[in-house]
Amino acid sequence: MNKKVDYLIVGQGLAGSILALTLMKGGKSVVIVDDAKGSTASKVAAGLFNPIVFKRLVKSWLADELLPFMNTFYPEMEILLGTKFYFSKQILKPFSEEQERTLWTKKTEEPVGKYLSKDIYTEDMNGIVYNPLGISEVLHTGNLDTISFLNSFNEYLRKKNLFVEEKFDFAQVQLLENSVSYKEFVAGKIIFCEGYKATENPFFKWLPFKLTKGETITIKLQKEYLIPMDIVINKAVFILPLGDNTYKVGATYEWENLTEIPTEKGRSELVEKLQKVLKIPFEIIDQQAGIRPTVNDRRPLIGLHPKYPQIAIFNGLGTKGVMLAPFFADQFFGFLENSSPLHNEVNIARFKF
Ligand SMILES: Cc1cc2nc3c(=O)[nH]c(=O)nc-3n(C[C@H](O)[C@H](O)[C@H](O)COP(=O)(O)OP(=O)(O)OC[C@H]3O[C@@H](n4cnc5c(N)ncnc54)[C@H](O)[C@@H]3O)c2cc1C
């Protein structure tokens, strides 16, 4: 028998999960198909959110709009899913050059200054961090524990029988007049949230993805060198405490050899950078790799297929999935359900089909 559903979503990474939660919150019925395999970007991500682009010390795109939105969305989802996964952190930035510190001080007086602490500390965090030029702090930052978020939502979906664990089979898609069928499901729309795998999707592989592989290592420090859980150090690499004196360190950016397999090159790049930050020895206990769904123009890819309006995409979250997804899932909901506008810079209509 046919199962009717408003939206069939393909992919339960950050994009698919956050879009599904937003649609459900708005009273829509949703089923998610995911093959639950591989080292996906969402599973590997540190989940950090940071309103600053460090290189130029400018606000990251739409930071003022995205942050308040996230600060409502994730805590609401923590209540719904009964799990804590959204954390406020201090991102500490040790300066690498005199020039960098001068620029920081200047920027604290500009609008971006609301995200930059005026204080510059000279301490070396109990002998852990090289700090010849001072450390300052980015304000309003934190991280989403992506694994805990994805797992708790997956459990929620499975309990309600709304999760199908399989590789999506494109041969089973049938376009109907105002809907689309896939196996036993008849959906108002299918929304593809497949991350980088969209490059293999027959409906959307024409979109200009420019994928970026990223690698991380997990290190262990000796007990006496504890970095507090609410501190993230960021200097060429981030060091994110995971608990039990282990830390995630990342990430690399690589545009070739796009596989989910960790490499010796990625590991040595991270080790080299880490040795310039940490004064103390560390042991590597894990290494991971994932592929970010980055786009030529660095903006998300959201919208309806130009020929088949029953087929849609929510993707291209690039390096900033945690910040972008809640805001644009909400905007996409408005677009799908109330015909409200979709930001020109994210709408896939900006590209020629
Ligand atoms: C090393 C690294 C560090 C990062 N750090 C951060 C960070 O600190 N902060 C931040 O905001 N972002 C970070 N990112 C980026 C972030 O991970 C992405 O923006 C985000 O995870 C993209 O989510 P997604 O759901 O679009 O893609 P994915 O995570 O790739 O999810 C896609 C899902 O679709 C499923 N799928 C695909 N095709 C099919 C199919 N045919 N059938 C069934 N299922 C399918 C996959 O199994 C997967 O579960 C990082 C990324 C990497 C690689």
# chains A, B, ... in the order shown; residues from 1 in each chain; ligands from 1
call {"tool": "select_by_dssp", "arguments": {"residues": "stretch 231-292 of chain A", "states": "helix (DSSP H, G or I)", "output": "list in words"}}
result
Glu264, Lys265, Gly266, Arg267, Ser268, Glu269, Leu270, Val271, Glu272, Lys273, Leu274 and Gln275 of chain A
call {"tool": "residues_around", "arguments": {"residues": "stretch 230-237 of chain A", "least_positions_apart": "4", "cutoff": "7 Å", "atoms": "only C-alpha atoms", "output": "ChimeraX atom specification"}}
result
/A:89-94,241,249-251,273-274,277
call {"tool": "residues_around", "arguments": {"residues": "A:Arg292", "least_positions_apart": "5", "cutoff": "10 Å", "atoms": "only C-alpha atoms", "output": "list in words"}}
result
Thr40, Ala41, Ser42, Val44, Ala45, Gly195, Tyr196, Phe209, Lys210, Leu211, Thr212, Lys213, Gly214, Tyr253, Glu254, Leu258, Gly316, Leu317, Gly318, Thr319, Lys320 and Gly321 of chain A
call {"tool": "write_last_selection", "arguments": {"atoms": "all heavy atoms", "output": "short mmCIF file (atom, residue, chain, number, x, y, z; two decimals), in the first residue's frame"}}
result
data_model
loop_
_atom_site.label_atom_id
_atom_site.label_comp_id
_atom_site.auth_asym_id
_atom_site.auth_seq_id
_atom_site.Cartn_x
_atom_site.Cartn_y
_atom_site.Cartn_z
N THR A 40 30.90 10.66 6.83
CA THR A 40 30.31 11.85 6.20
C THR A 40 30.84 13.13 6.86
O THR A 40 31.32 13.10 8.00
CB THR A 40 28.78 11.84 6.36
OG1 THR A 40 28.47 11.97 7.75
CG2 THR A 40 28.16 10.59 5.80
N ALA A 41 30.71 14.24 6.14
CA ALA A 41 31.17 15.54 6.66
C ALA A 41 30.54 15.81 8.02
O ALA A 41 31.21 16.24 8.97
CB ALA A 41 30.82 16.65 5.67
N SER A 42 29.24 15.55 8.13
CA SER A 42 28.54 15.88 9.38
C SER A 42 29.07 15.07 10.56
O SER A 42 29.09 15.55 11.68
CB SER A 42 27.05 15.63 9.23
OG SER A 42 26.52 16.43 8.21
N VAL A 44 32.18 13.88 10.83
CA VAL A 44 33.59 14.21 11.08
C VAL A 44 33.75 15.62 11.64
O VAL A 44 34.71 15.93 12.33
CB VAL A 44 34.36 14.08 9.72
CG1 VAL A 44 35.76 14.60 9.82
CG2 VAL A 44 34.35 12.64 9.25
N ALA A 45 32.77 16.49 11.35
CA ALA A 45 32.88 17.92 11.67
C ALA A 45 33.08 18.17 13.17
O ALA A 45 32.56 17.43 14.01
CB ALA A 45 31.63 18.65 11.21
N GLY A 195 24.70 15.90 0.73
CA GLY A 195 26.07 16.36 0.87
C GLY A 195 26.80 16.23 -0.45
O GLY A 195 26.20 16.42 -1.52
N TYR A 196 28.09 15.85 -0.39
CA TYR A 196 28.89 15.84 -1.62
C TYR A 196 28.42 14.81 -2.64
O TYR A 196 28.71 14.89 -3.83
CB TYR A 196 30.38 15.63 -1.28
CG TYR A 196 30.78 14.19 -1.07
CD1 TYR A 196 31.30 13.46 -2.13
CD2 TYR A 196 30.65 13.56 0.16
CE1 TYR A 196 31.69 12.13 -1.96
CE2 TYR A 196 31.02 12.25 0.35
CZ TYR A 196 31.54 11.54 -0.71
OH TYR A 196 31.89 10.23 -0.54
N PHE A 209 29.31 22.30 -7.77
CA PHE A 209 30.01 21.96 -6.54
C PHE A 209 31.52 22.09 -6.78
O PHE A 209 32.00 21.80 -7.89
CB PHE A 209 29.70 20.51 -6.14
CG PHE A 209 28.36 20.35 -5.48
CD1 PHE A 209 27.25 19.98 -6.22
CD2 PHE A 209 28.22 20.55 -4.12
CE1 PHE A 209 26.01 19.82 -5.62
CE2 PHE A 209 26.98 20.40 -3.51
CZ PHE A 209 25.88 20.02 -4.26
N LYS A 210 32.23 22.51 -5.74
CA LYS A 210 33.70 22.48 -5.81
C LYS A 210 34.14 21.88 -4.47
O LYS A 210 34.39 22.60 -3.50
CB LYS A 210 34.23 23.90 -5.98
CG LYS A 210 35.70 23.94 -6.26
CD LYS A 210 36.14 25.35 -6.64
CE LYS A 210 37.59 25.37 -7.00
NZ LYS A 210 38.40 25.99 -6.00
N LEU A 211 34.13 20.56 -4.41
CA LEU A 211 34.23 19.84 -3.13
C LEU A 211 35.58 20.04 -2.45
O LEU A 211 36.60 20.22 -3.12
CB LEU A 211 33.98 18.35 -3.36
CG LEU A 211 32.67 18.02 -4.08
CD1 LEU A 211 32.56 16.52 -4.34
CD2 LEU A 211 31.46 18.51 -3.27
N THR A 212 35.55 19.99 -1.12
CA THR A 212 36.77 20.15 -0.33
C THR A 212 36.86 19.04 0.70
O THR A 212 36.00 18.93 1.57
CB THR A 212 36.74 21.49 0.46
OG1 THR A 212 36.20 22.50 -0.38
CG2 THR A 212 38.11 21.89 0.91
N LYS A 213 37.93 18.27 0.59
CA LYS A 213 38.15 17.24 1.61
C LYS A 213 38.71 17.88 2.88
O LYS A 213 39.45 18.87 2.81
CB LYS A 213 39.17 16.23 1.06
CG LYS A 213 39.54 15.14 2.02
CD LYS A 213 40.38 14.09 1.32
CE LYS A 213 40.77 13.00 2.30
NZ LYS A 213 41.39 11.87 1.59
N GLY A 214 38.34 17.34 4.02
CA GLY A 214 38.89 17.84 5.29
C GLY A 214 39.29 16.68 6.17
O GLY A 214 38.59 15.67 6.23
N TYR A 253 42.30 21.44 4.28
CA TYR A 253 41.48 21.78 3.11
C TYR A 253 42.19 21.24 1.88
O TYR A 253 43.34 21.61 1.63
CB TYR A 253 41.30 23.30 3.00
CG TYR A 253 40.44 23.84 4.11
CD1 TYR A 253 40.97 24.09 5.37
CD2 TYR A 253 39.08 24.06 3.92
CE1 TYR A 253 40.18 24.54 6.41
CE2 TYR A 253 38.28 24.52 4.95
CZ TYR A 253 38.84 24.76 6.19
OH TYR A 253 38.04 25.20 7.22
N GLU A 254 41.54 20.34 1.16
CA GLU A 254 42.20 19.66 0.05
C GLU A 254 41.19 19.53 -1.09
O GLU A 254 40.07 19.08 -0.89
CB GLU A 254 42.65 18.27 0.58
CG GLU A 254 43.12 17.30 -0.46
CD GLU A 254 44.49 17.65 -1.04
OE1 GLU A 254 45.41 17.96 -0.28
OE2 GLU A 254 44.61 17.64 -2.28
N LEU A 258 39.70 13.35 -3.70
CA LEU A 258 38.49 13.50 -2.89
C LEU A 258 37.91 12.14 -2.47
O LEU A 258 36.96 11.64 -3.07
CB LEU A 258 37.46 14.31 -3.66
CG LEU A 258 37.89 15.76 -3.97
CD1 LEU A 258 36.93 16.42 -4.93
CD2 LEU A 258 37.99 16.57 -2.68
N GLY A 316 25.00 22.30 -0.20
CA GLY A 316 26.01 23.35 -0.38
C GLY A 316 26.32 24.12 0.90
O GLY A 316 26.69 25.29 0.85
N LEU A 317 26.19 23.44 2.05
CA LEU A 317 26.44 24.15 3.32
C LEU A 317 27.93 24.38 3.56
O LEU A 317 28.31 25.09 4.49
CB LEU A 317 25.82 23.38 4.49
CG LEU A 317 24.29 23.21 4.43
CD1 LEU A 317 23.80 22.40 5.62
CD2 LEU A 317 23.57 24.56 4.39
N GLY A 318 28.75 23.78 2.72
CA GLY A 318 30.19 24.08 2.71
C GLY A 318 30.87 23.86 4.04
O GLY A 318 30.73 22.81 4.67
N THR A 319 31.58 24.88 4.50
CA THR A 319 32.38 24.76 5.73
C THR A 319 31.59 25.21 6.97
O THR A 319 32.10 25.19 8.07
CB THR A 319 33.65 25.64 5.64
OG1 THR A 319 33.22 27.00 5.43
CG2 THR A 319 34.54 25.24 4.49
N LYS A 320 30.35 25.65 6.76
CA LYS A 320 29.62 26.30 7.87
C LYS A 320 28.23 25.72 8.09
O LYS A 320 27.26 26.46 8.32
CB LYS A 320 29.47 27.80 7.56
CG LYS A 320 30.79 28.51 7.41
CD LYS A 320 30.88 29.67 8.37
CE LYS A 320 32.29 30.18 8.43
NZ LYS A 320 32.57 30.99 9.56
N GLY A 321 28.10 24.41 7.98
CA GLY A 321 26.78 23.78 8.09
C GLY A 321 26.03 24.12 9.37
O GLY A 321 24.82 24.33 9.36
#
call {"tool": "closest_residue", "arguments": {"among": "A:Glu98, A:Glu166, A:Glu123, A:Glu337", "to": "ligand 1", "atoms": "only C-alpha atoms and all ligand atoms"}}
result
A:Glu166
call {"tool": "closest_residue", "arguments": {"among": "A:Leu80, A:Ile261, A:Met323, A:Ile285", "to": "A:Ile52", "atoms": "only C-alpha atoms"}}
result
A:Met323
call {"tool": "closest_residue", "arguments": {"among": "A:Phe149, A:Phe185, A:Phe351, A:Phe335", "to": "ligand 1", "atoms": "only C-alpha atoms and all ligand atoms"}}
result
A:Phe149
call {"tool": "closest_residue", "arguments": {"among": "A:Arg299, A:His140, A:Lys189, A:Lys106", "to": "ligand 1", "atoms": "only C-alpha atoms and all ligand atoms"}}
result
A:Arg299
call {"tool": "residues_around", "arguments": {"residues": "stretch 217-219 of chain A", "least_positions_apart": "2", "cutoff": "9 Å", "atoms": "only C-alpha atoms", "output": "PyMOL selection string"}}
result
chain A and resi 215+221+242+245-251+266-267+270-271+282-289
call {"tool": "closest_residue", "arguments": {"among": "A:Ile190, A:Ser88, A:Asp6, A:Leu278", "to": "A:Gly26", "atoms": "only C-alpha atoms"}}
result
A:Asp6
call {"tool": "closest_residue", "arguments": {"among": "A:Glu224, A:Asp145, A:Asp124, A:Glu76", "to": "ligand 1", "atoms": "only C-alpha atoms and all ligand atoms"}}
result
A:Asp145
call {"tool": "atom_distance", "arguments": {"atom1": "atom CA of A:Phe73", "atom2": "atom 7 (C, counted along the ligand's line) of ligand 1"}}
result
17.2 Å
call {"tool": "select_by_dssp", "arguments": {"residues": "stretch 74-258 of chain A", "states": "strand (DSSP E)", "output": "number ranges by chain"}}
result
A: 86-94, 135-144, 163-165, 173-175, 180-182, 185-192, 212-220, 231-235, 237-243, 246-250
call {"tool": "atom_distance", "arguments": {"atom1": "atom CA of A:Ile239", "atom2": "atom CA of A:Thr146"}}
result
16.2 Å
call {"tool": "atom_distance", "arguments": {"atom1": "atom CA of A:Lys223", "atom2": "atom CA of A:Val129"}}
result
15.6 Å
